[in-house]
file work.pdb (PDB, C-alpha atoms)
MODEL        1
ATOM      1  CA  MET A  18     -54.100 -13.687  -7.454  1.00  0.00           C
ATOM      2  CA  THR A  19     -50.520 -12.685  -7.985  1.00  0.00           C
ATOM      3  CA  THR A  20     -47.694 -14.204  -6.107  1.00  0.00           C
ATOM      4  CA  PRO A  21     -45.659 -11.699  -4.108  1.00  0.00           C
ATOM      5  CA  PRO A  22     -42.182 -11.010  -5.472  1.00  0.00           C
ATOM      6  CA  PRO A  23     -39.580 -13.218  -3.878  1.00  0.00           C
ATOM      7  CA  TYR A  24     -37.428 -11.812  -1.167  1.00  0.00           C
ATOM      8  CA  PRO A  25     -34.456 -10.182  -2.867  1.00  0.00           C
ATOM      9  CA  GLN A  26     -31.541 -12.518  -3.103  1.00  0.00           C
ATOM     10  CA  GLY A  27     -28.019 -12.236  -4.382  1.00  0.00           C
ATOM     11  CA  PRO A  28     -27.384 -13.592  -7.885  1.00  0.00           C
ATOM     12  CA  GLU A  29     -25.760 -16.651  -6.377  1.00  0.00           C
ATOM     13  CA  GLY A  30     -28.773 -17.323  -4.186  1.00  0.00           C
ATOM     14  CA  VAL A  31     -27.060 -16.313  -0.982  1.00  0.00           C
ATOM     15  CA  ALA A  32     -29.809 -14.638   1.039  1.00  0.00           C
ATOM     16  CA  GLY A  33     -28.149 -12.690   3.775  1.00  0.00           C
ATOM     17  CA  GLY A  34     -25.179 -15.042   3.717  1.00  0.00           C
ATOM     18  CA  TYR A  35     -21.869 -13.260   4.007  1.00  0.00           C
ATOM     19  CA  GLN A  36     -18.850 -14.055   1.933  1.00  0.00           C
ATOM     20  CA  ALA A  37     -15.670 -12.087   2.238  1.00  0.00           C
ATOM     21  CA  PRO A  38     -14.929 -10.035  -0.893  1.00  0.00           C
ATOM     22  CA  PRO A  39     -11.821 -10.911  -2.895  1.00  0.00           C
ATOM     23  CA  ASP A  40      -8.517  -9.283  -2.061  1.00  0.00           C
ATOM     24  CA  ASN A  41      -8.611  -5.838  -3.680  1.00  0.00           C
ATOM     25  CA  TYR A  42      -4.793  -5.354  -3.587  1.00  0.00           C
ATOM     26  CA  LEU A  43      -5.313  -1.939  -1.998  1.00  0.00           C
ATOM     27  CA  VAL A  44      -1.996  -2.002  -0.161  1.00  0.00           C
ATOM     28  CA  TRP A  45      -0.111  -2.430  -3.441  1.00  0.00           C
ATOM     29  CA  ALA A  46      -2.176   0.304  -5.058  1.00  0.00           C
ATOM     30  CA  ILE A  47      -1.277   2.700  -2.219  1.00  0.00           C
ATOM     31  CA  LEU A  48       2.400   1.705  -2.216  1.00  0.00           C
ATOM     32  CA  THR A  49       2.821   2.085  -5.963  1.00  0.00           C
ATOM     33  CA  THR A  50       0.977   5.425  -5.928  1.00  0.00           C
ATOM     34  CA  VAL A  51       3.229   6.867  -3.237  1.00  0.00           C
ATOM     35  CA  LEU A  52       6.503   5.252  -4.304  1.00  0.00           C
ATOM     36  CA  CYS A  53       6.275   4.677  -8.014  1.00  0.00           C
ATOM     37  CA  CYS A  54       4.054   5.903 -10.733  1.00  0.00           C
ATOM     38  CA  LEU A  55       1.272   8.235  -9.677  1.00  0.00           C
ATOM     39  CA  PRO A  56      -1.242   7.996 -12.591  1.00  0.00           C
ATOM     40  CA  LEU A  57      -1.245   4.197 -12.852  1.00  0.00           C
ATOM     41  CA  GLY A  58      -1.332   3.878  -9.057  1.00  0.00           C
ATOM     42  CA  ILE A  59      -4.407   6.127  -8.888  1.00  0.00           C
ATOM     43  CA  VAL A  60      -6.146   3.918 -11.469  1.00  0.00           C
ATOM     44  CA  SER A  61      -5.276   0.946  -9.255  1.00  0.00           C
ATOM     45  CA  ILE A  62      -6.844   2.627  -6.195  1.00  0.00           C
ATOM     46  CA  VAL A  63      -9.995   3.406  -8.209  1.00  0.00           C
ATOM     47  CA  LYS A  64     -10.220  -0.260  -9.241  1.00  0.00           C
ATOM     48  CA  SER A  65      -9.630  -1.385  -5.635  1.00  0.00           C
ATOM     49  CA  ALA A  66     -12.417   0.880  -4.438  1.00  0.00           C
ATOM     50  CA  LYS A  67     -14.802  -0.625  -7.001  1.00  0.00           C
ATOM     51  CA  VAL A  68     -14.122  -4.217  -5.875  1.00  0.00           C
ATOM     52  CA  ASN A  69     -15.938  -3.925  -2.533  1.00  0.00           C
ATOM     53  CA  THR A  70     -18.786  -1.883  -4.037  1.00  0.00           C
ATOM     54  CA  LEU A  71     -19.389  -4.451  -6.778  1.00  0.00           C
ATOM     55  CA  TRP A  72     -19.162  -7.286  -4.246  1.00  0.00           C
ATOM     56  CA  ALA A  73     -21.711  -5.600  -1.994  1.00  0.00           C
ATOM     57  CA  GLN A  74     -24.050  -5.309  -4.995  1.00  0.00           C
ATOM     58  CA  GLY A  75     -23.750  -9.041  -5.585  1.00  0.00           C
ATOM     59  CA  GLN A  76     -21.781  -8.655  -8.824  1.00  0.00           C
ATOM     60  CA  HIS A  77     -19.216 -11.203  -7.738  1.00  0.00           C
ATOM     61  CA  ASP A  78     -17.696 -12.036 -11.149  1.00  0.00           C
ATOM     62  CA  GLU A  79     -17.337  -8.363 -11.967  1.00  0.00           C
ATOM     63  CA  ALA A  80     -15.742  -7.771  -8.539  1.00  0.00           C
ATOM     64  CA  ARG A  81     -13.184 -10.542  -9.137  1.00  0.00           C
ATOM     65  CA  ARG A  82     -12.391  -9.141 -12.590  1.00  0.00           C
ATOM     66  CA  THR A  83     -11.934  -5.646 -11.166  1.00  0.00           C
ATOM     67  CA  ALA A  84      -9.655  -7.018  -8.423  1.00  0.00           C
ATOM     68  CA  GLU A  85      -7.470  -8.596 -11.114  1.00  0.00           C
ATOM     69  CA  GLU A  86      -7.359  -5.245 -12.947  1.00  0.00           C
ATOM     70  CA  ALA A  87      -6.367  -3.486  -9.715  1.00  0.00           C
ATOM     71  CA  LYS A  88      -3.493  -5.962  -9.375  1.00  0.00           C
ATOM     72  CA  LYS A  89      -2.501  -5.470 -13.021  1.00  0.00           C
ATOM     73  CA  PHE A  90      -2.377  -1.679 -12.721  1.00  0.00           C
ATOM     74  CA  ALA A  91      -0.394  -1.888  -9.459  1.00  0.00           C
ATOM     75  CA  ILE A  92       2.149  -4.119 -11.238  1.00  0.00           C
ATOM     76  CA  TRP A  93       2.380  -1.769 -14.239  1.00  0.00           C
ATOM     77  CA  SER A  94       2.716   1.166 -11.879  1.00  0.00           C
ATOM     78  CA  ALA A  95       5.568  -0.598 -10.066  1.00  0.00           C
ATOM     79  CA  ILE A  96       7.308  -1.421 -13.371  1.00  0.00           C
ATOM     80  CA  ALA A  97       6.919   2.162 -14.625  1.00  0.00           C
ATOM     81  CA  GLY A  98       8.155   3.444 -11.260  1.00  0.00           C
ATOM     82  CA  VAL A  99      11.263   1.240 -11.348  1.00  0.00           C
ATOM     83  CA  VAL A 100      12.051   2.240 -14.965  1.00  0.00           C
ATOM     84  CA  ILE A 101      11.627   5.972 -14.248  1.00  0.00           C
ATOM     85  CA  GLY A 102      13.492   5.580 -10.948  1.00  0.00           C
ATOM     86  CA  VAL A 103      16.466   3.944 -12.671  1.00  0.00           C
ATOM     87  CA  VAL A 104      16.551   6.674 -15.332  1.00  0.00           C
ATOM     88  CA  VAL A 105      16.345   9.444 -12.726  1.00  0.00           C
ATOM     89  CA  GLY A 106      18.838   7.629 -10.471  1.00  0.00           C
ATOM     90  CA  VAL A 107      21.380   7.259 -13.282  1.00  0.00           C
ATOM     91  CA  GLY A 108      20.858  10.934 -14.163  1.00  0.00           C
ATOM     92  CA  THR A 109      21.406  11.930 -10.510  1.00  0.00           C
ATOM     93  CA  ALA A 110      24.570   9.851 -10.244  1.00  0.00           C
ATOM     94  CA  TRP A 111      25.796  11.270 -13.578  1.00  0.00           C
ATOM     95  CA  SER A 112      25.385  14.877 -12.504  1.00  0.00           C
ATOM     96  CA  TRP A 113      26.941  14.209  -9.073  1.00  0.00           C
TER      97      TRP A 113
ATOM     98  CA  MET B   2      -3.613 -47.330  16.771  1.00  0.00           C
ATOM     99  CA  GLY B   3      -2.321 -44.624  18.993  1.00  0.00           C
ATOM    100  CA  ILE B   4      -0.269 -41.611  18.117  1.00  0.00           C
ATOM    101  CA  GLY B   5       3.336 -42.187  19.047  1.00  0.00           C
ATOM    102  CA  PRO B   6       5.718 -39.513  20.238  1.00  0.00           C
ATOM    103  CA  GLY B   7       7.448 -39.674  16.828  1.00  0.00           C
ATOM    104  CA  ASP B   8       4.216 -38.588  15.060  1.00  0.00           C
ATOM    105  CA  VAL B   9       3.828 -35.640  17.389  1.00  0.00           C
ATOM    106  CA  THR B  10       7.407 -34.560  16.705  1.00  0.00           C
ATOM    107  CA  ALA B  11       6.876 -34.941  12.950  1.00  0.00           C
ATOM    108  CA  ALA B  12       3.665 -32.906  13.098  1.00  0.00           C
ATOM    109  CA  ALA B  13       5.395 -30.198  15.114  1.00  0.00           C
ATOM    110  CA  ALA B  14       8.245 -30.111  12.612  1.00  0.00           C
ATOM    111  CA  GLN B  15       5.762 -29.799   9.750  1.00  0.00           C
ATOM    112  CA  THR B  16       3.948 -26.944  11.507  1.00  0.00           C
ATOM    113  CA  ARG B  17       7.284 -25.234  12.045  1.00  0.00           C
ATOM    114  CA  ARG B  18       8.173 -25.605   8.343  1.00  0.00           C
ATOM    115  CA  GLN B  19       4.772 -24.234   7.293  1.00  0.00           C
ATOM    116  CA  ARG B  20       5.187 -21.263   9.606  1.00  0.00           C
ATOM    117  CA  LEU B  21       8.668 -20.485   8.330  1.00  0.00           C
ATOM    118  CA  ARG B  22       7.467 -20.727   4.724  1.00  0.00           C
ATOM    119  CA  ALA B  23       4.514 -18.425   5.459  1.00  0.00           C
ATOM    120  CA  LEU B  24       6.863 -15.942   7.103  1.00  0.00           C
ATOM    121  CA  ALA B  25       9.163 -15.732   4.055  1.00  0.00           C
ATOM    122  CA  ALA B  26       7.170 -13.034   2.236  1.00  0.00           C
ATOM    123  CA  PRO B  27       6.605 -10.669   5.199  1.00  0.00           C
ATOM    124  CA  VAL B  28      10.224 -11.100   6.343  1.00  0.00           C
ATOM    125  CA  ALA B  29      11.458 -10.304   2.804  1.00  0.00           C
ATOM    126  CA  THR B  30       9.234  -7.195   2.836  1.00  0.00           C
ATOM    127  CA  ILE B  31      10.688  -6.123   6.176  1.00  0.00           C
ATOM    128  CA  GLY B  32      14.180  -6.641   4.705  1.00  0.00           C
ATOM    129  CA  LEU B  33      13.338  -4.379   1.763  1.00  0.00           C
ATOM    130  CA  GLY B  34      11.928  -1.777   4.131  1.00  0.00           C
ATOM    131  CA  VAL B  35      15.050  -1.850   6.304  1.00  0.00           C
ATOM    132  CA  ALA B  36      17.272  -1.528   3.207  1.00  0.00           C
ATOM    133  CA  GLY B  37      15.241   1.492   2.105  1.00  0.00           C
ATOM    134  CA  ALA B  38      15.429   3.008   5.586  1.00  0.00           C
ATOM    135  CA  VAL B  39      19.235   2.580   5.636  1.00  0.00           C
ATOM    136  CA  ALA B  40      19.499   4.279   2.212  1.00  0.00           C
ATOM    137  CA  VAL B  41      17.395   7.211   3.461  1.00  0.00           C
ATOM    138  CA  TRP B  42      19.454   7.424   6.677  1.00  0.00           C
ATOM    139  CA  VAL B  43      22.752   7.483   4.773  1.00  0.00           C
ATOM    140  CA  GLY B  44      21.383   9.749   2.044  1.00  0.00           C
ATOM    141  CA  ASP B  45      20.103  12.449   4.407  1.00  0.00           C
ATOM    142  CA  PRO B  46      17.611  14.065   1.984  1.00  0.00           C
ATOM    143  CA  THR B  47      17.028  16.990   4.375  1.00  0.00           C
ATOM    144  CA  SER B  48      20.472  18.412   3.608  1.00  0.00           C
ATOM    145  CA  SER B  49      22.875  18.267   0.691  1.00  0.00           C
ATOM    146  CA  GLY B  50      25.435  16.515   2.847  1.00  0.00           C
ATOM    147  CA  GLY B  51      24.740  12.831   2.271  1.00  0.00           C
ATOM    148  CA  MET B  52      24.723  10.490  -0.661  1.00  0.00           C
ATOM    149  CA  PRO B  53      22.397  11.920  -3.368  1.00  0.00           C
ATOM    150  CA  LEU B  54      18.986  10.240  -3.529  1.00  0.00           C
ATOM    151  CA  PRO B  55      16.974  10.463  -6.773  1.00  0.00           C
ATOM    152  CA  PRO B  56      14.295  13.179  -6.570  1.00  0.00           C
ATOM    153  CA  CYS B  57      10.645  12.381  -7.223  1.00  0.00           C
ATOM    154  CA  PRO B  58      10.109  12.119 -11.017  1.00  0.00           C
ATOM    155  CA  SER B  59       6.888  14.193 -10.892  1.00  0.00           C
ATOM    156  CA  LYS B  60       8.771  17.056  -9.264  1.00  0.00           C
ATOM    157  CA  LEU B  61      11.763  16.651 -11.583  1.00  0.00           C
ATOM    158  CA  LEU B  62       9.768  16.394 -14.834  1.00  0.00           C
ATOM    159  CA  PHE B  63       6.676  18.524 -14.175  1.00  0.00           C
ATOM    160  CA  GLY B  64       7.581  20.650 -11.149  1.00  0.00           C
ATOM    161  CA  VAL B  65       4.498  19.510  -9.253  1.00  0.00           C
ATOM    162  CA  CYS B  66       4.421  18.199  -5.708  1.00  0.00           C
ATOM    163  CA  CYS B  67       2.837  14.734  -5.861  1.00  0.00           C
ATOM    164  CA  PRO B  68       1.086  13.083  -2.856  1.00  0.00           C
ATOM    165  CA  GLY B  69       4.326  11.206  -2.038  1.00  0.00           C
ATOM    166  CA  CYS B  70       6.737  14.147  -2.453  1.00  0.00           C
ATOM    167  CA  GLY B  71       8.723  14.874   0.685  1.00  0.00           C
ATOM    168  CA  GLY B  72       8.308  11.221   1.668  1.00  0.00           C
ATOM    169  CA  THR B  73      12.020  10.441   1.981  1.00  0.00           C
ATOM    170  CA  ARG B  74      12.647  13.625   3.993  1.00  0.00           C
ATOM    171  CA  MET B  75       9.648  12.664   6.148  1.00  0.00           C
ATOM    172  CA  LEU B  76      11.187   9.192   6.746  1.00  0.00           C
ATOM    173  CA  TYR B  77      14.562  10.718   7.602  1.00  0.00           C
ATOM    174  CA  SER B  78      12.964  13.103  10.127  1.00  0.00           C
ATOM    175  CA  LEU B  79      10.806  10.300  11.561  1.00  0.00           C
ATOM    176  CA  MET B  80      13.855   8.044  12.054  1.00  0.00           C
ATOM    177  CA  HIS B  81      15.569  10.893  13.879  1.00  0.00           C
ATOM    178  CA  GLY B  82      12.588  11.420  16.170  1.00  0.00           C
ATOM    179  CA  ASP B  83      11.702  14.806  14.676  1.00  0.00           C
ATOM    180  CA  LEU B  84       7.931  14.352  14.374  1.00  0.00           C
ATOM    181  CA  ALA B  85       7.222  18.026  13.654  1.00  0.00           C
ATOM    182  CA  SER B  86       9.540  18.075  10.638  1.00  0.00           C
ATOM    183  CA  ALA B  87       8.190  14.711   9.499  1.00  0.00           C
ATOM    184  CA  ALA B  88       4.634  16.089   9.520  1.00  0.00           C
ATOM    185  CA  HIS B  89       5.835  19.210   7.732  1.00  0.00           C
ATOM    186  CA  TYR B  90       7.438  17.273   4.872  1.00  0.00           C
ATOM    187  CA  ASN B  91       4.486  14.963   4.245  1.00  0.00           C
ATOM    188  CA  ALA B  92       1.779  14.534   6.879  1.00  0.00           C
ATOM    189  CA  VAL B  93      -0.276  12.142   4.736  1.00  0.00           C
ATOM    190  CA  SER B  94       2.686   9.833   4.049  1.00  0.00           C
ATOM    191  CA  LEU B  95       3.518   9.916   7.761  1.00  0.00           C
ATOM    192  CA  VAL B  96       0.057   8.528   8.545  1.00  0.00           C
ATOM    193  CA  VAL B  97       0.389   6.004   5.684  1.00  0.00           C
ATOM    194  CA  VAL B  98       3.738   4.791   7.074  1.00  0.00           C
ATOM    195  CA  LEU B  99       2.222   4.259  10.527  1.00  0.00           C
ATOM    196  CA  LEU B 100      -0.762   2.418   8.988  1.00  0.00           C
ATOM    197  CA  LEU B 101       1.607   0.259   6.907  1.00  0.00           C
ATOM    198  CA  CYS B 102       3.541  -0.670  10.076  1.00  0.00           C
ATOM    199  CA  TRP B 103       0.227  -1.824  11.539  1.00  0.00           C
ATOM    200  CA  SER B 104      -0.641  -3.988   8.526  1.00  0.00           C
ATOM    201  CA  LEU B 105       2.918  -5.337   8.346  1.00  0.00           C
ATOM    202  CA  ALA B 106       2.706  -6.432  11.990  1.00  0.00           C
ATOM    203  CA  ALA B 107      -0.678  -8.046  11.287  1.00  0.00           C
ATOM    204  CA  TRP B 108       0.828  -9.800   8.238  1.00  0.00           C
ATOM    205  CA  VAL B 109       3.672 -11.275  10.330  1.00  0.00           C
ATOM    206  CA  VAL B 110       1.383 -12.395  13.174  1.00  0.00           C
ATOM    207  CA  GLY B 111      -1.205 -13.740  10.698  1.00  0.00           C
ATOM    208  CA  ALA B 112       1.451 -15.697   8.772  1.00  0.00           C
ATOM    209  CA  TRP B 113       2.701 -17.194  12.038  1.00  0.00           C
ATOM    210  CA  GLN B 114      -0.809 -18.176  13.166  1.00  0.00           C
ATOM    211  CA  GLY B 115      -1.921 -19.312   9.715  1.00  0.00           C
ATOM    212  CA  ARG B 116      -4.870 -16.937   9.377  1.00  0.00           C
ATOM    213  CA  ARG B 117      -5.659 -13.574   7.904  1.00  0.00           C
ATOM    214  CA  ILE B 118      -5.905 -10.739  10.434  1.00  0.00           C
ATOM    215  CA  ARG B 119      -8.240  -7.883   9.539  1.00  0.00           C
ATOM    216  CA  THR B 120      -6.660  -4.424   9.557  1.00  0.00           C
ATOM    217  CA  TRP B 121      -7.523  -0.984   8.161  1.00  0.00           C
ATOM    218  CA  LEU B 122      -6.950  -2.432   4.672  1.00  0.00           C
ATOM    219  CA  GLN B 123     -10.156  -4.479   4.901  1.00  0.00           C
ATOM    220  CA  TRP B 124     -12.381  -1.642   6.092  1.00  0.00           C
ATOM    221  CA  ARG B 125     -15.203  -0.950   3.668  1.00  0.00           C
ATOM    222  CA  LEU B 126     -14.392   2.744   3.239  1.00  0.00           C
ATOM    223  CA  THR B 127     -10.592   2.517   3.091  1.00  0.00           C
ATOM    224  CA  ALA B 128     -10.262   2.525  -0.699  1.00  0.00           C
ATOM    225  CA  PRO B 129     -12.677   5.429  -1.433  1.00  0.00           C
ATOM    226  CA  VAL B 130     -11.309   7.471   1.498  1.00  0.00           C
ATOM    227  CA  THR B 131      -7.741   6.862   0.272  1.00  0.00           C
ATOM    228  CA  LEU B 132      -8.749   8.075  -3.163  1.00  0.00           C
ATOM    229  CA  VAL B 133     -10.342  11.256  -1.803  1.00  0.00           C
ATOM    230  CA  VAL B 134      -7.452  11.981   0.588  1.00  0.00           C
ATOM    231  CA  PHE B 135      -4.765  11.441  -2.078  1.00  0.00           C
ATOM    232  CA  SER B 136      -6.567  13.569  -4.692  1.00  0.00           C
ATOM    233  CA  THR B 137      -7.272  16.395  -2.226  1.00  0.00           C
ATOM    234  CA  TRP B 138      -3.709  16.241  -0.910  1.00  0.00           C
ATOM    235  CA  PHE B 139      -2.351  16.359  -4.462  1.00  0.00           C
ATOM    236  CA  VAL B 140      -4.357  19.483  -5.269  1.00  0.00           C
ATOM    237  CA  ILE B 141      -3.979  21.515  -2.065  1.00  0.00           C
ATOM    238  CA  ARG B 142      -0.212  21.121  -1.744  1.00  0.00           C
ATOM    239  CA  ASN B 143       0.198  22.655  -5.193  1.00  0.00           C
ATOM    240  CA  LEU B 144      -1.989  25.708  -4.492  1.00  0.00           C
ATOM    241  CA  PRO B 145       0.319  28.739  -4.648  1.00  0.00           C
ATOM    242  CA  PHE B 146      -1.318  30.833  -1.907  1.00  0.00           C
ATOM    243  CA  PRO B 147      -1.507  30.649   1.916  1.00  0.00           C
ATOM    244  CA  PRO B 148      -2.339  28.624   3.915  1.00  0.00           C
ATOM    245  CA  PHE B 149      -1.609  25.968   1.301  1.00  0.00           C
ATOM    246  CA  SER B 150       1.695  27.263  -0.064  1.00  0.00           C
ATOM    247  CA  GLY B 151       3.499  25.858   2.997  1.00  0.00           C
ATOM    248  CA  LEU B 152       2.481  22.354   1.938  1.00  0.00           C
ATOM    249  CA  TYR B 153       4.698  22.466  -1.161  1.00  0.00           C
ATOM    250  CA  VAL B 154       7.966  20.871  -0.064  1.00  0.00           C
TER     251      VAL B 154
ENDMDL
END
call {"tool": "encode", "arguments": {"input": "work.pdb", "output": "structure tokens"}}
result
Amino acid sequence: MTTPPPYPQGPEGVAGGYQAPPDNYLVWAILTTVLCCLPLGIVSIVKSAKVNTLWAQGQHDEARRTAEEAKKFAIWSAIAGVVIGVVVGVGTAWSW
Amino acid sequence: MGIGPGDVTAAAAQTRRQRLRALAAPVATIGLGVAGAVAVWVGDPTSSGGMPLPPCPSKLLFGVCCPGCGGTRMLYSLMHGDLASAAHYNAVSLVVVLLLCWSLAAWVVGAWQGRRIRTWLQWRLTAPVTLVVFSTWFVIRNLPFPPFSGLYV
């Protein structure tokens, strides 16, 4: 006689228990996409979107890692945006 | 041992300090936003009259209209109560600005009450929907034929 497979559980043994996913920094991803550096901001939104999906699949460590990457790309996007903005701003003032 | 009136006052003072500290970040953000709004107001990007504001780098370097292009003109029109022009310059950014006002208000209230208030940012589908909307918006406003050509601003 075979034992029936156990009821599916999350990797951390939380059966049906709900934990809030980590902060996915979506607001910073959106802000840096609109205000700063488009390509890096888009990467940040993609990473943010993956955080909740991974969390829902029970891949909590992976979700936390992806959240950190989303934050990193938002920061790089902001830095790139400020650098480009200063260059363009100086150019605008120069030609004024 | 009872709790004296001095303890209550001390606890209240501590709560007040915690609240003020928690409010520092959202208040600083509001300050930045107001500074930006003043710059846009003075700059008047809808005409060539005001102080020159730097154009969007994607438009300047590549000639494409990015999802945020027209954003400063949209803000200027919005601050002057011209909703139709605001929607014309950048309808998506207009919605984003209104949503950001919502989350900013929730941030302030949450910091004051010492808890995190759920807004549109915590909805399950927000991130993927944002991605789809931004990508679609990026593509259609660069299509050179009607009805999309009017979206290039």
call {"tool": "atom_distance", "arguments": {"input": "work.pdb", "atom1": "CA of Leu33 in chain B", "atom2": "CA of Leu99 in chain B"}}
result
16.6 Å
call {"tool": "interface_residues", "arguments": {"input": "work.pdb", "of": "chain B", "to": "chain A", "cutoff": "10 Å", "atoms": "all atoms listed in the file", "output": "JSON, numbers by chain"}}
result
{"B": [52, 53, 54, 55, 56, 57, 58, 59, 61, 62, 67, 68, 69, 70, 72, 73, 94, 97, 98, 101, 104, 122, 123, 124, 125, 126, 127, 128, 129, 130, 131, 132, 135, 136]}
call {"tool": "resolve_selection", "arguments": {"input": "work.pdb", "expression": "the PyMOL selection byres ((chain B and resi 43-47) around 10)", "output": "ChimeraX atom specification"}}
result
/B:37-42,48-56,71-78,86,90
call {"tool": "atom_distance", "arguments": {"input": "work.pdb", "atom1": "CA of Gly115 in chain B", "atom2": "CA of Leu100 in chain B"}}
result
21.8 Å
call {"tool": "closest_residue", "arguments": {"input": "work.pdb", "among": "A:Pro39, A:Gly58, A:Ile96, A:Trp45", "to": "Leu71 in chain A", "atoms": "all atoms listed in the file"}}
result
A:Pro39
call {"tool": "atom_distance", "arguments": {"input": "work.pdb", "atom1": "CA of Leu84 in chain B", "atom2": "CA of Trp138 in chain B"}}
result
19.3 Å
call {"tool": "residues_around", "arguments": {"input": "work.pdb", "residues": "Ala112 in chain B", "least_positions_apart": "6", "cutoff": "8 Å", "atoms": "all atoms listed in the file", "output": "number ranges by chain"}}
result
B: 20, 23-24
call {"tool": "resolve_selection", "arguments": {"input": "work.pdb", "expression": "the PyMOL selection byres ((chain B and resi 25-28) around 10)", "output": "number ranges by chain"}}
result
B: 20-24, 29-34, 105-110, 112
call {"tool": "decode", "arguments": {"input": "work.pdb", "residues": "range 60-108 of chain A", "atoms": "C-alpha atoms", "output": "PDB file, in the first residue's frame"}}
result
ATOM      1  CA  VAL A  60      14.454  46.398 -16.247  1.00  0.00           C
ATOM      2  CA  SER A  61      13.535  47.499 -12.719  1.00  0.00           C
ATOM      3  CA  ILE A  62       9.798  47.154 -13.467  1.00  0.00           C
ATOM      4  CA  VAL A  63      10.387  43.673 -14.925  1.00  0.00           C
ATOM      5  CA  LYS A  64      12.243  42.675 -11.745  1.00  0.00           C
ATOM      6  CA  SER A  65       9.472  44.168  -9.575  1.00  0.00           C
ATOM      7  CA  ALA A  66       6.868  42.188 -11.479  1.00  0.00           C
ATOM      8  CA  LYS A  67       8.823  38.969 -10.895  1.00  0.00           C
ATOM      9  CA  VAL A  68       8.998  39.483  -7.108  1.00  0.00           C
ATOM     10  CA  ASN A  69       5.300  38.808  -6.455  1.00  0.00           C
ATOM     11  CA  THR A  70       5.184  35.931  -8.955  1.00  0.00           C
ATOM     12  CA  LEU A  71       8.167  34.205  -7.345  1.00  0.00           C
ATOM     13  CA  TRP A  72       6.715  34.811  -3.878  1.00  0.00           C
ATOM     14  CA  ALA A  73       3.389  33.297  -4.907  1.00  0.00           C
ATOM     15  CA  GLN A  74       5.269  30.224  -6.165  1.00  0.00           C
ATOM     16  CA  GLY A  75       6.913  29.846  -2.770  1.00  0.00           C
ATOM     17  CA  GLN A  76      10.383  30.784  -4.033  1.00  0.00           C
ATOM     18  CA  HIS A  77      10.923  33.203  -1.186  1.00  0.00           C
ATOM     19  CA  ASP A  78      14.733  33.507  -1.354  1.00  0.00           C
ATOM     20  CA  GLU A  79      14.595  34.079  -5.088  1.00  0.00           C
ATOM     21  CA  ALA A  80      11.848  36.691  -4.572  1.00  0.00           C
ATOM     22  CA  ARG A  81      13.972  38.570  -2.014  1.00  0.00           C
ATOM     23  CA  ARG A  82      16.979  38.464  -4.352  1.00  0.00           C
ATOM     24  CA  THR A  83      14.889  39.778  -7.244  1.00  0.00           C
ATOM     25  CA  ALA A  84      13.517  42.576  -5.035  1.00  0.00           C
ATOM     26  CA  GLU A  85      17.093  43.629  -4.253  1.00  0.00           C
ATOM     27  CA  GLU A  86      17.881  43.618  -7.992  1.00  0.00           C
ATOM     28  CA  ALA A  87      14.799  45.754  -8.669  1.00  0.00           C
ATOM     29  CA  LYS A  88      16.096  48.250  -6.102  1.00  0.00           C
ATOM     30  CA  LYS A  89      19.588  48.157  -7.623  1.00  0.00           C
ATOM     31  CA  PHE A  90      18.329  48.857 -11.145  1.00  0.00           C
ATOM     32  CA  ALA A  91      16.075  51.683  -9.900  1.00  0.00           C
ATOM     33  CA  ILE A  92      19.118  53.263  -8.210  1.00  0.00           C
ATOM     34  CA  TRP A  93      21.275  52.886 -11.338  1.00  0.00           C
ATOM     35  CA  SER A  94      18.451  54.292 -13.422  1.00  0.00           C
ATOM     36  CA  ALA A  95      18.213  57.303 -11.095  1.00  0.00           C
ATOM     37  CA  ILE A  96      21.997  57.848 -11.232  1.00  0.00           C
ATOM     38  CA  ALA A  97      22.035  57.570 -15.038  1.00  0.00           C
ATOM     39  CA  GLY A  98      19.041  59.914 -15.212  1.00  0.00           C
ATOM     40  CA  VAL A  99      20.728  62.538 -13.023  1.00  0.00           C
ATOM     41  CA  VAL A 100      23.990  62.327 -15.027  1.00  0.00           C
ATOM     42  CA  ILE A 101      22.191  62.627 -18.388  1.00  0.00           C
ATOM     43  CA  GLY A 102      19.913  65.328 -16.962  1.00  0.00           C
ATOM     44  CA  VAL A 103      22.885  67.410 -15.808  1.00  0.00           C
ATOM     45  CA  VAL A 104      24.584  67.046 -19.202  1.00  0.00           C
ATOM     46  CA  VAL A 105      21.405  67.993 -21.074  1.00  0.00           C
ATOM     47  CA  GLY A 106      20.664  70.790 -18.580  1.00  0.00           C
ATOM     48  CA  VAL A 107      24.137  72.301 -18.973  1.00  0.00           C
ATOM     49  CA  GLY A 108      23.770  72.020 -22.760  1.00  0.00           C
TER      50      GLY A 108
END
